[in-house]
2 protein chains.
Amino acid sequence: MSQVSILEKHRKQYQPKVPPSLRQGIAKVKVVEGAAAEPAKDRETIRKSFPNTYGKPLLSFQAGVDAGETTPLRIGVVLSGGQAPGGHNVIAGLFDSVKSIHPQSQIFGFLGGPGGLEKGKYETITAERMDAYRNTGGFDIIGSGRTKLETPEQFDRCIEVINSLALQAIVIIGGDDSNTNAAILAEYLKAKGLTTSVIGVPKTIDGDLKNMHIPVSFGFDTAVKTYAELIGNIARDAGSAKKYWHFIKLMGRSASHIALEAGLQTHANVTLISEEVEKRNLSLEQIVDDIARVISARADAGKNYGVVLIPEGLIEFIPSFKTLIGRLNDLLAKNEAAFAKLETADVKIAAMSGWLEAEALSAALGKTFASLPKTIQLQLLLDRDPHGNVQVSLIDTDALLAELVGRKLKASPAYKGKFSSQRHFFGYEGRAAAPSNFDADYCYSLGCVAAVLVKSGRTGYMASIRNVSKGVDQWAAGGIPISMMFNMEQRHGHRKPVIQKALVELEGPAFKALAAGRSRWEIEDAFIYPGPIQYFGPSEVSDAITQTLELEQG
Amino acid sequence: MSQVSILEKHRKQYQPKVPPSLRQGIAKVKVVEGAAAEPAKDRETIRKSFPNTYGKPLLSFQAGVDAGETTPLRIGVVLSGGQAPGGHNVIAGLFDSVKSIHPQSQIFGFLGGPGGLEKGKYETITAERMDAYRNTGGFDIIGSGRTKLETPEQFDRCIEVINSLALQAIVIIGGDDSNTNAAILAEYLKAKGLTTSVIGVPKTIDGDLKNMHIPVSFGFDTAVKTYAELIGNIARDAGSAKKYWHFIKLMGRSASHIALEAGLQTHANVTLISEEVEKRNLSLEQIVDDIARVISARADAGKNYGVVLIPEGLIEFIPSFKTLIGRLNDLLAKNEAAFAKLETADVKIAAMSGWLEAEALSAALGKTFASLPKTIQLQLLLDRDPHGNVQVSLIDTDALLAELVGRKLKASPAYKGKFSSQRHFFGYEGRAAAPSNFDADYCYSLGCVAAVLVKSGRTGYMASIRNVSKGVDQWAAGGIPISMMFNMEQRHGHRKPVIQKALVELEGPAFKALAAGRSRWEIEDAFIYPGPIQYFGPSEVSDAITQTLELEQG
């Protein structure tokens, strides 16, 4: 085995805590069926799409008596999408559970994500290999990938692999899309007469896979604590050096849970929330004005420094910006030949400005376009995807805001401060961090829950643990039919049943806490410095949960 | 008091460990004089510059008996330059020491760095305020600044402040320059007949203030552990997602100790060391070729991912690049009027290329210039300082290398991999982190040492603790005459006595460890994941020291 750090050596010895119902081993878990679970709306449409797996009962686990003789379980496991801290522990929980009921049970790890399942590329997880990955970050034990399993052709290839390995189950560890596809695969297998279980496990650092039964997706806790550590350190540096405004972009394209939690943990001077921008229909200019207002107010108090948190996906939530992108796409398509002939950057920008202004409808958009820094204008005109569409995701939102805020301040006669900015983007720094005690426990337990669901022959379920804002003694394990989380959404031109992404609720307690604190945090130096994740020490430090979880569930 | 994080609350209770000689309190420390200390060379020149403070003895401390009645001490303290974790603890050690010998002793914190001393802006440190900053990161208790105190006029203003506050001593917490100036101030005060002590404390995350008596500057331990945490997390992400090369720039303009230590801690695939680049006279192209070689070799093994560590100051250590900068400065000065008339970026670049190629001497430099990405060319021509010189420090070295490596790979027919890069810069993330146990102990002890030096009436000394690679029970406290660390260097056109910056020694054990390991780390996934700093838990985790310190002193 390769060399490991001293911390990792000690962490490998950590025995994750599990809910009371799982403490006697999965052989002694009693699965209790509750009411049949149905989605909140679109019931008939969804029932028709899932004739074999719709309307199954909610399941809760209790400590029971040994069910007697058991046969070995053969389970395939898939890590899907971006890394989230604790993925290895899900596999460890699954591994220990199936081995505990029969030594000949086996876990097959599909390599490189869902593509590995489709292609039958796998590795049998040995005890030695498993031990090397306990309580570690990353998905490197088997790798991950972004292949979407959604077509019948893909499913048929999966069936071949399932049959060739004689698998009783596939456990898919992934986000909302991967769990949606897990449910579709479950339905497909059932329709084809297979008894193979498909079980989903809620993963994503973004925190946008949650609902009344899934209090949080795993990895959010560790990732956001890592970002909060860095933001706190930067805030402390800012307040010491007193000369920089730090614009910090945080990973997460859709929901702003990470920015929200990081703002709550650190009391950054400004925390932008994409959902609020969209709801209040804020323009880019309004966002810039608001940041400039805070910077001016602090400058008046002699504080030419601070911290601004920016969710990665912000730009896509600005309604007027979305409209601009749409018009740019249209105009680029319409004037494709003419545009292709233009040679220099300046000429291209001028041409587009002319086209925008020529249309009564888009004159206002022309102003927005004209207000952008040249680098961003060029990015909008040049960095297009294979379909010719502008790639909003490539825009450096932190640079854009810092530049526009700087201009705004320069143009403001009332502003007497000094504005100097530093930019940061945190994402890869936390996605593969070693799981916090919370994520280590939660993930290991989710792995055990998945094993119980497989053992009791369920399919189309997501592993669930509720009450996780309380101590592990109060954690309640069970299973949720994935189809009950569905609603119908427009995707690629079709209405499809999908798990709804949980965006930040502006009426929810976490956002309200931010809204209640932020006017003070703007002006005062009310920074909080969370420091690095602690795996040892006082429980209130090492077992702390996120404020979002505390506020939403506590 | 403002709200603090749970971790900070617990950390404030931490009682830093001190060397045995200091454990009975500073009243009972016996100061033992050793041999008169002289610099290694330039002795006569340095003696002439420091007639009053030259040739003082090395001091070592022993536990002694109480010296009897003591009078209150009034000490001013200054935080100079960039933040380093543990600065607050130096002040805490000083504070507790002087209060322990007399309750009316006082610590005056000069605000905003050396400028605060010059202007007489200060804050009297109260017990309550001190308690709020124990074991915390940052320099925010009194702020820091970069004013250099070096002229007689400045020193005279300091004397006024010293007299008005009746200070027995000034403690200057800073890097090589600040400690050099502390010695000059000590000499100046002595020459003017003042008995005021000036004591320096070795601070800098860069790790370049060290010698046989100063094993390490404070802050290096915590800062580099924070960067290593992030690099490890990114390496784990890279090895999981298997699709990105991460180019990580690390703070530190002069020495590459941070990159070296981070490379040792994480086994990054490539760790560039500026001192090696200079010594081996490597060109930018050779550096790019070498990174491309590693990327190609890994691609051949199916690994299209990895981590490259880049010291922030790299570019200034590339001899040919330095020459190019020099020529650019000359040509821009010579052609100032003509250059000012040129309008577009392209025309400016073309003009400079022409001038370079017109000279036989600089035709090769013209090639180097032509090989640079356009953004870098523009930066070299446009971002000049008030003296008209190119600002090398503003160059995005990480972007430059990623771009050139990408081009190189694209042009190589043998390369069959996929190259996609992500860039990071870590500096502010670690400079103000809460000090590790090592830095908390070391800094608090240094503060106590400074108090002893003041109490025994020494001036022009630096606080020193040796044997810090061993447990605190073996730490040896004392004082070193700063003048013995001097050598004569050319600064701003004059030969001046200065503390020599400790660059990475290519014959030293730390670099040798990197050189011995790196060919394996290039190709294998031999990454080590250090994880976040732990303040609790097993001592081998929470009290770990850096590998540099272990290798150099252990």
# chains A, B, ... in the order shown; residues from 1 in each chain; ligands from 1

$ interface_residues --of "chain B" --to "chain A" --cutoff "7 Å" --atoms "only C-alpha atoms" --output "PyMOL selection string"
chain B and resi 2-7+83+138-140+143-144+230+233-234+236-237+239-241+428-434+526+528-534+536-537+541

$ select_by_dssp --residues "region 323-495 of chain A" --states "alpha helix (DSSP H)" --output "ChimeraX atom specification"
/A:323-334,336-341,345-358,363-371,374-382,397-411,428-431,437-455

$ select_by_dssp --residues "region 163-315 of chain B" --states "strand (DSSP E or B)" --output "list of chain:residue names"
B:Ala169, B:Ile170, B:Val171, B:Ile172, B:Ile173, B:Gly174, B:Ser197, B:Val198, B:Ile199, B:Gly200, B:Val201, B:Pro202, B:Lys203, B:Phe218, B:Trp245, B:His246, B:Phe247, B:Ile248, B:Lys249, B:Leu250, B:Val270, B:Thr271, B:Gly306, B:Val307, B:Val308, B:Leu309, B:Ile310, B:Pro311

$ closest_residue --among "A:Leu365, A:Leu264, A:Leu446, A:Leu453" --to "Trp475 (chain A)" --atoms "only C-alpha atoms"
A:Leu446

$ closest_residue --among "B:Leu185, B:Val201, B:Ile101, B:Ala40" --to "Met485 (chain B)" --atoms "only C-alpha atoms"
B:Ala40

$ residues_around --residues "region 323-334 of chain A" --least-positions-apart "2" --cutoff "12 Å" --atoms "only C-alpha atoms" --output "PyMOL selection string"
chain A and resi 281+283-284+315-321+336-340+348-349+351-359+361-370+372+377-385+387-393+395

$ write_last_selection --atoms "C-alpha atoms" --output "mmCIF file, in the first residue's frame"
data_model
loop_
_atom_site.group_PDB
_atom_site.id
_atom_site.type_symbol
_atom_site.label_atom_id
_atom_site.label_comp_id
_atom_site.auth_asym_id
_atom_site.auth_seq_id
_atom_site.Cartn_x
_atom_site.Cartn_y
_atom_site.Cartn_z
ATOM 1 C CA ASN A 281 -35.619 40.186 -11.006
ATOM 2 C CA SER A 283 -30.243 43.211 -13.187
ATOM 3 C CA LEU A 284 -26.491 42.916 -13.316
ATOM 4 C CA ILE A 315 -25.120 34.908 -14.048
ATOM 5 C CA GLU A 316 -27.638 32.345 -15.272
ATOM 6 C CA PHE A 317 -30.144 33.534 -12.679
ATOM 7 C CA ILE A 318 -30.075 37.183 -13.779
ATOM 8 C CA PRO A 319 -33.221 37.478 -15.869
ATOM 9 C CA SER A 320 -32.026 40.334 -18.103
ATOM 10 C CA PHE A 321 -28.731 38.585 -18.680
ATOM 11 C CA GLU A 336 -23.519 34.045 -39.045
ATOM 12 C CA ALA A 337 -21.908 34.651 -42.408
ATOM 13 C CA ALA A 338 -21.379 38.367 -41.853
ATOM 14 C CA PHE A 339 -19.971 37.775 -38.377
ATOM 15 C CA ALA A 340 -17.531 35.141 -39.590
ATOM 16 C CA LYS A 348 -16.915 42.000 -33.835
ATOM 17 C CA ILE A 349 -18.024 43.808 -30.699
ATOM 18 C CA ALA A 351 -21.012 44.816 -35.125
ATOM 19 C CA MET A 352 -22.945 43.069 -32.387
ATOM 20 C CA SER A 353 -23.613 46.361 -30.629
ATOM 21 C CA GLY A 354 -25.007 47.715 -33.874
ATOM 22 C CA TRP A 355 -27.287 44.722 -34.385
ATOM 23 C CA LEU A 356 -28.595 44.941 -30.852
ATOM 24 C CA GLU A 357 -29.277 48.638 -31.075
ATOM 25 C CA ALA A 358 -30.948 48.339 -34.466
ATOM 26 C CA GLU A 359 -33.796 46.412 -32.896
ATOM 27 C CA LEU A 361 -36.750 45.253 -28.648
ATOM 28 C CA SER A 362 -33.123 44.839 -27.766
ATOM 29 C CA ALA A 363 -31.897 48.418 -27.430
ATOM 30 C CA ALA A 364 -31.864 48.001 -23.661
ATOM 31 C CA LEU A 365 -29.924 44.785 -24.085
ATOM 32 C CA GLY A 366 -27.456 46.729 -26.217
ATOM 33 C CA LYS A 367 -26.807 48.947 -23.231
ATOM 34 C CA THR A 368 -26.225 45.944 -21.010
ATOM 35 C CA PHE A 369 -23.860 44.483 -23.591
ATOM 36 C CA ALA A 370 -22.043 47.791 -23.936
ATOM 37 C CA LEU A 372 -19.657 44.705 -20.020
ATOM 38 C CA GLN A 377 -17.999 40.694 -24.458
ATOM 39 C CA LEU A 378 -15.508 38.611 -26.360
ATOM 40 C CA GLN A 379 -16.250 35.557 -24.279
ATOM 41 C CA LEU A 380 -19.931 35.978 -25.095
ATOM 42 C CA LEU A 381 -19.236 36.260 -28.816
ATOM 43 C CA LEU A 382 -16.509 33.686 -29.230
ATOM 44 C CA ASP A 383 -16.693 30.898 -26.668
ATOM 45 C CA ARG A 384 -19.658 29.082 -28.092
ATOM 46 C CA ASP A 385 -20.626 25.459 -27.713
ATOM 47 C CA HIS A 387 -24.538 24.220 -31.188
ATOM 48 C CA GLY A 388 -23.298 27.802 -31.530
ATOM 49 C CA ASN A 389 -24.676 28.859 -28.174
ATOM 50 C CA VAL A 390 -22.952 31.211 -25.793
ATOM 51 C CA GLN A 391 -21.357 29.301 -22.903
ATOM 52 C CA VAL A 392 -22.494 31.221 -19.878
ATOM 53 C CA SER A 393 -20.756 28.767 -17.585
ATOM 54 C CA ILE A 395 -17.859 33.518 -17.747
#

$ residues_around --residues "Ile295 (chain A)" --least-positions-apart "6" --cutoff "9 Å" --atoms "only C-alpha atoms" --output "VMD selection string"
chain A and resid 245 303 to 306 409 415 417 419 522 to 523

$ closest_residue --among "A:Leu503, A:Leu58, A:Ala450, A:Leu549" --to "Val198 (chain A)" --atoms "only C-alpha atoms"
A:Ala450

$ atom_distance --atom1 "CA of Arg134 (chain A)" --atom2 "CA of Thr548 (chain B)"
29.1 Å

$ decode --residues "region 99-115 of chain A" --atoms "all heavy atoms" --output "PDB file, in the first residue's frame"
ATOM      1  N   LYS A  99     -21.019  -8.237   3.880  1.00  0.00           N
ATOM      2  CA  LYS A  99     -20.069  -9.238   4.386  1.00  0.00           C
ATOM      3  C   LYS A  99     -20.550  -9.786   5.737  1.00  0.00           C
ATOM      4  O   LYS A  99     -20.311 -10.951   6.057  1.00  0.00           O
ATOM      5  CB  LYS A  99     -18.676  -8.639   4.558  1.00  0.00           C
ATOM      6  CG  LYS A  99     -17.985  -8.294   3.240  1.00  0.00           C
ATOM      7  CD  LYS A  99     -17.528  -9.542   2.483  1.00  0.00           C
ATOM      8  CE  LYS A  99     -16.734  -9.149   1.235  1.00  0.00           C
ATOM      9  NZ  LYS A  99     -16.405 -10.307   0.390  1.00  0.00           N
ATOM     10  N   SER A 100     -21.215  -8.921   6.511  1.00  0.00           N
ATOM     11  CA  SER A 100     -21.643  -9.360   7.845  1.00  0.00           C
ATOM     12  C   SER A 100     -22.749 -10.410   7.758  1.00  0.00           C
ATOM     13  O   SER A 100     -22.879 -11.244   8.638  1.00  0.00           O
ATOM     14  CB  SER A 100     -22.118  -8.160   8.677  1.00  0.00           C
ATOM     15  OG  SER A 100     -23.408  -7.745   8.254  1.00  0.00           O
ATOM     16  N   ILE A 101     -23.534 -10.363   6.703  1.00  0.00           N
ATOM     17  CA  ILE A 101     -24.590 -11.384   6.626  1.00  0.00           C
ATOM     18  C   ILE A 101     -24.115 -12.648   5.916  1.00  0.00           C
ATOM     19  O   ILE A 101     -24.667 -13.721   6.104  1.00  0.00           O
ATOM     20  CB  ILE A 101     -25.885 -10.875   5.953  1.00  0.00           C
ATOM     21  CG1 ILE A 101     -25.615 -10.375   4.537  1.00  0.00           C
ATOM     22  CG2 ILE A 101     -26.558  -9.799   6.803  1.00  0.00           C
ATOM     23  CD1 ILE A 101     -26.892 -10.193   3.743  1.00  0.00           C
ATOM     24  N   HIS A 102     -23.063 -12.517   5.110  1.00  0.00           N
ATOM     25  CA  HIS A 102     -22.500 -13.714   4.483  1.00  0.00           C
ATOM     26  C   HIS A 102     -21.107 -13.399   3.945  1.00  0.00           C
ATOM     27  O   HIS A 102     -20.948 -12.479   3.155  1.00  0.00           O
ATOM     28  CB  HIS A 102     -23.404 -14.204   3.342  1.00  0.00           C
ATOM     29  CG  HIS A 102     -23.174 -15.646   3.019  1.00  0.00           C
ATOM     30  ND1 HIS A 102     -22.010 -16.120   2.461  1.00  0.00           N
ATOM     31  CD2 HIS A 102     -23.959 -16.741   3.212  1.00  0.00           C
ATOM     32  CE1 HIS A 102     -22.078 -17.416   2.306  1.00  0.00           C
ATOM     33  NE2 HIS A 102     -23.260 -17.834   2.768  1.00  0.00           N
ATOM     34  N   PRO A 103     -20.122 -14.192   4.359  1.00  0.00           N
ATOM     35  CA  PRO A 103     -18.740 -13.876   3.933  1.00  0.00           C
ATOM     36  C   PRO A 103     -18.547 -13.962   2.426  1.00  0.00           C
ATOM     37  O   PRO A 103     -17.598 -13.384   1.901  1.00  0.00           O
ATOM     38  CB  PRO A 103     -17.893 -14.921   4.672  1.00  0.00           C
ATOM     39  CG  PRO A 103     -18.839 -15.995   5.081  1.00  0.00           C
ATOM     40  CD  PRO A 103     -20.170 -15.344   5.266  1.00  0.00           C
ATOM     41  N   GLN A 104     -19.434 -14.670   1.740  1.00  0.00           N
ATOM     42  CA  GLN A 104     -19.249 -14.758   0.289  1.00  0.00           C
ATOM     43  C   GLN A 104     -19.990 -13.664  -0.487  1.00  0.00           C
ATOM     44  O   GLN A 104     -20.011 -13.662  -1.723  1.00  0.00           O
ATOM     45  CB  GLN A 104     -19.665 -16.143  -0.219  1.00  0.00           C
ATOM     46  CG  GLN A 104     -18.481 -17.105  -0.179  1.00  0.00           C
ATOM     47  CD  GLN A 104     -18.913 -18.547  -0.110  1.00  0.00           C
ATOM     48  OE1 GLN A 104     -19.853 -18.961  -0.792  1.00  0.00           O
ATOM     49  NE2 GLN A 104     -18.232 -19.313   0.726  1.00  0.00           N
ATOM     50  N   SER A 105     -20.600 -12.772   0.242  1.00  0.00           N
ATOM     51  CA  SER A 105     -21.201 -11.618  -0.434  1.00  0.00           C
ATOM     52  C   SER A 105     -20.097 -10.855  -1.147  1.00  0.00           C
ATOM     53  O   SER A 105     -18.946 -10.849  -0.705  1.00  0.00           O
ATOM     54  CB  SER A 105     -21.866 -10.689   0.587  1.00  0.00           C
ATOM     55  OG  SER A 105     -22.988 -11.300   1.172  1.00  0.00           O
ATOM     56  N   GLN A 106     -20.478 -10.183  -2.246  1.00  0.00           N
ATOM     57  CA  GLN A 106     -19.461  -9.423  -2.970  1.00  0.00           C
ATOM     58  C   GLN A 106     -19.976  -8.077  -3.449  1.00  0.00           C
ATOM     59  O   GLN A 106     -21.136  -7.942  -3.834  1.00  0.00           O
ATOM     60  CB  GLN A 106     -18.953 -10.227  -4.166  1.00  0.00           C
ATOM     61  CG  GLN A 106     -18.011 -11.341  -3.708  1.00  0.00           C
ATOM     62  CD  GLN A 106     -17.133 -11.826  -4.822  1.00  0.00           C
ATOM     63  OE1 GLN A 106     -17.633 -12.208  -5.874  1.00  0.00           O
ATOM     64  NE2 GLN A 106     -15.828 -11.805  -4.608  1.00  0.00           N
ATOM     65  N   ILE A 107     -19.056  -7.112  -3.402  1.00  0.00           N
ATOM     66  CA  ILE A 107     -19.356  -5.792  -3.954  1.00  0.00           C
ATOM     67  C   ILE A 107     -18.509  -5.608  -5.206  1.00  0.00           C
ATOM     68  O   ILE A 107     -17.284  -5.774  -5.163  1.00  0.00           O
ATOM     69  CB  ILE A 107     -19.033  -4.669  -2.932  1.00  0.00           C
ATOM     70  CG1 ILE A 107     -19.867  -4.818  -1.656  1.00  0.00           C
ATOM     71  CG2 ILE A 107     -19.255  -3.291  -3.558  1.00  0.00           C
ATOM     72  CD1 ILE A 107     -21.360  -4.650  -1.835  1.00  0.00           C
ATOM     73  N   PHE A 108     -19.185  -5.280  -6.306  1.00  0.00           N
ATOM     74  CA  PHE A 108     -18.508  -5.022  -7.570  1.00  0.00           C
ATOM     75  C   PHE A 108     -18.545  -3.515  -7.816  1.00  0.00           C
ATOM     76  O   PHE A 108     -19.633  -2.930  -7.906  1.00  0.00           O
ATOM     77  CB  PHE A 108     -19.210  -5.753  -8.724  1.00  0.00           C
ATOM     78  CG  PHE A 108     -19.262  -7.244  -8.514  1.00  0.00           C
ATOM     79  CD1 PHE A 108     -20.310  -7.829  -7.805  1.00  0.00           C
ATOM     80  CD2 PHE A 108     -18.245  -8.055  -9.008  1.00  0.00           C
ATOM     81  CE1 PHE A 108     -20.346  -9.202  -7.594  1.00  0.00           C
ATOM     82  CE2 PHE A 108     -18.278  -9.426  -8.795  1.00  0.00           C
ATOM     83  CZ  PHE A 108     -19.319 -10.012  -8.078  1.00  0.00           C
ATOM     84  N   GLY A 109     -17.395  -2.912  -7.888  1.00  0.00           N
ATOM     85  CA  GLY A 109     -17.343  -1.473  -8.120  1.00  0.00           C
ATOM     86  C   GLY A 109     -17.204  -1.201  -9.606  1.00  0.00           C
ATOM     87  O   GLY A 109     -16.211  -1.591 -10.223  1.00  0.00           O
ATOM     88  N   PHE A 110     -18.203  -0.548 -10.197  1.00  0.00           N
ATOM     89  CA  PHE A 110     -18.095  -0.232 -11.627  1.00  0.00           C
ATOM     90  C   PHE A 110     -17.171   0.964 -11.806  1.00  0.00           C
ATOM     91  O   PHE A 110     -17.258   1.952 -11.067  1.00  0.00           O
ATOM     92  CB  PHE A 110     -19.477  -0.018 -12.241  1.00  0.00           C
ATOM     93  CG  PHE A 110     -20.224  -1.310 -12.359  1.00  0.00           C
ATOM     94  CD1 PHE A 110     -21.254  -1.634 -11.471  1.00  0.00           C
ATOM     95  CD2 PHE A 110     -19.856  -2.243 -13.321  1.00  0.00           C
ATOM     96  CE1 PHE A 110     -21.903  -2.849 -11.556  1.00  0.00           C
ATOM     97  CE2 PHE A 110     -20.504  -3.469 -13.411  1.00  0.00           C
ATOM     98  CZ  PHE A 110     -21.531  -3.776 -12.529  1.00  0.00           C
ATOM     99  N   LEU A 111     -16.290   0.844 -12.777  1.00  0.00           N
ATOM    100  CA  LEU A 111     -15.198   1.809 -12.913  1.00  0.00           C
ATOM    101  C   LEU A 111     -15.587   3.027 -13.745  1.00  0.00           C
ATOM    102  O   LEU A 111     -16.215   2.898 -14.793  1.00  0.00           O
ATOM    103  CB  LEU A 111     -13.977   1.131 -13.543  1.00  0.00           C
ATOM    104  CG  LEU A 111     -13.443  -0.089 -12.777  1.00  0.00           C
ATOM    105  CD1 LEU A 111     -12.268  -0.729 -13.526  1.00  0.00           C
ATOM    106  CD2 LEU A 111     -13.022   0.295 -11.366  1.00  0.00           C
ATOM    107  N   GLY A 112     -15.225   4.188 -13.235  1.00  0.00           N
ATOM    108  CA  GLY A 112     -15.416   5.419 -14.014  1.00  0.00           C
ATOM    109  C   GLY A 112     -16.862   5.833 -14.162  1.00  0.00           C
ATOM    110  O   GLY A 112     -17.235   6.413 -15.181  1.00  0.00           O
ATOM    111  N   GLY A 113     -17.692   5.504 -13.199  1.00  0.00           N
ATOM    112  CA  GLY A 113     -19.065   5.996 -13.202  1.00  0.00           C
ATOM    113  C   GLY A 113     -20.034   5.088 -13.944  1.00  0.00           C
ATOM    114  O   GLY A 113     -19.728   3.921 -14.216  1.00  0.00           O
ATOM    115  N   PRO A 114     -21.217   5.615 -14.273  1.00  0.00           N
ATOM    116  CA  PRO A 114     -22.261   4.815 -14.913  1.00  0.00           C
ATOM    117  C   PRO A 114     -21.775   4.141 -16.201  1.00  0.00           C
ATOM    118  O   PRO A 114     -22.239   3.051 -16.550  1.00  0.00           O
ATOM    119  CB  PRO A 114     -23.352   5.852 -15.211  1.00  0.00           C
ATOM    120  CG  PRO A 114     -23.157   6.930 -14.183  1.00  0.00           C
ATOM    121  CD  PRO A 114     -21.677   6.994 -13.985  1.00  0.00           C
ATOM    122  N   GLY A 115     -20.819   4.766 -16.872  1.00  0.00           N
ATOM    123  CA  GLY A 115     -20.257   4.153 -18.082  1.00  0.00           C
ATOM    124  C   GLY A 115     -19.654   2.779 -17.799  1.00  0.00           C
ATOM    125  O   GLY A 115     -19.692   1.891 -18.652  1.00  0.00           O
TER     126      GLY A 115
END
